[in-house]
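In what follows, a structure is listed as C-alpha cells, so that the remarks can point back to it.
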Amino acid sequence: MSIKVTKDNFESEVVQSSVPVLIDFWAAWCGPCKTIGPRVDELAVEVGDKAKICKVNVDEEMALAQKFGIMSIPTLVIFKDGKEANRVVGVRSKDELRGLLGV
C-alpha cells in the first residue's frame, strides 16, 4: 500500500528511508493521475519492502509541491539515499517505474 506523505512525515518517510522511494505528486481532479494511480498502488504491493511508494496530494500539500518545483502532474520523483535521483512527468508504465526504482 502506498504511504501518504505530508510536510510532517516527509523527513522520516523519504529522507531517512533506507530503501528507494517513489513519490507520486497527484490531485483528485487530474485525469492522468487517475490513470496512473492504480499502477502506483499495484507497484507498492509488488515491491514490498524493497522500496517505498508514496503519494503527495498537491492540493493538500502545496508547500511540498512548491519545494520540488512540481509544475505538471502526475510527476513521479525517485529518491535514493534521501536525495532526488530521478523524475518523470506524465503517465508511465509500471515496469518503467520499477526500473527507475531499481527493484
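In the C-alpha cells, chains take letters A, B, ... by order of appearance, with residues numbered from 1 within each chain and ligands from 1 in the order shown.
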
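These are the residues of region 41-76 of chain A assigned strand (DSSP E or B) by DSSP from backbone coordinates: Lys52, Ile53, Cys54, Lys55, Val56, Asn57, Thr75 and Leu76 of chain A.
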
Go ahead and dump the residues you just picked, C-alpha atoms, as a PDB file, in the first residue's frame.
ATOM      1  CA  LYS A  52       8.607   2.801  -0.570  1.00  0.00           C
ATOM      2  CA  ILE A  53       5.794   4.054  -2.749  1.00  0.00           C
ATOM      3  CA  CYS A  54       4.382   7.355  -1.543  1.00  0.00           C
ATOM      4  CA  LYS A  55       1.767   9.844  -2.688  1.00  0.00           C
ATOM      5  CA  VAL A  56       1.559  13.595  -2.216  1.00  0.00           C
ATOM      6  CA  ASN A  57      -1.742  15.319  -2.948  1.00  0.00           C
ATOM      7  CA  THR A  75       5.045  13.958 -11.527  1.00  0.00           C
ATOM      8  CA  LEU A  76       6.881  10.973 -10.105  1.00  0.00           C
TER       9      LEU A  76
END

(request) Write out as JSON, numbers by chain which residues come within 10 Å of Glu60 (chain A) when counting only C-alpha atoms, dropping same-chain ones fewer than 6 positions away. (result) {"A": [6, 7, 27]}

Spatial neighbours of Val15 (chain A), max dist 7 Å, only C-alpha atoms, sep filter under 5 positions, as a compact mmCIF listing (two decimals) with N, CA and C atoms, in the first residue's frame:
# COMPACT_ATOMS: atom_id res chain seq x y z
N PHE A 10 7.52 13.84 5.85
CA PHE A 10 8.42 13.76 4.71
C PHE A 10 9.82 13.34 5.14
N GLY A 82 17.99 9.60 0.37
CA GLY A 82 17.44 10.87 0.83
C GLY A 82 17.52 12.02 -0.16
N LYS A 83 18.00 11.73 -1.38
CA LYS A 83 18.14 12.79 -2.38
C LYS A 83 17.41 12.41 -3.66

(message) Which residue is closest to Val88 (chain A)? Choose from A:Trp29, A:Ser72, A:Gln16, A:Gly102 and count only C-alpha atoms.
(response) A:Ser72

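Closest approach to Met71 (chain A) from the set A:Lys50, A:Asn86, A:Ser12, A:Trp26 is made by A:Trp26, with distances taken over only C-alpha atoms.
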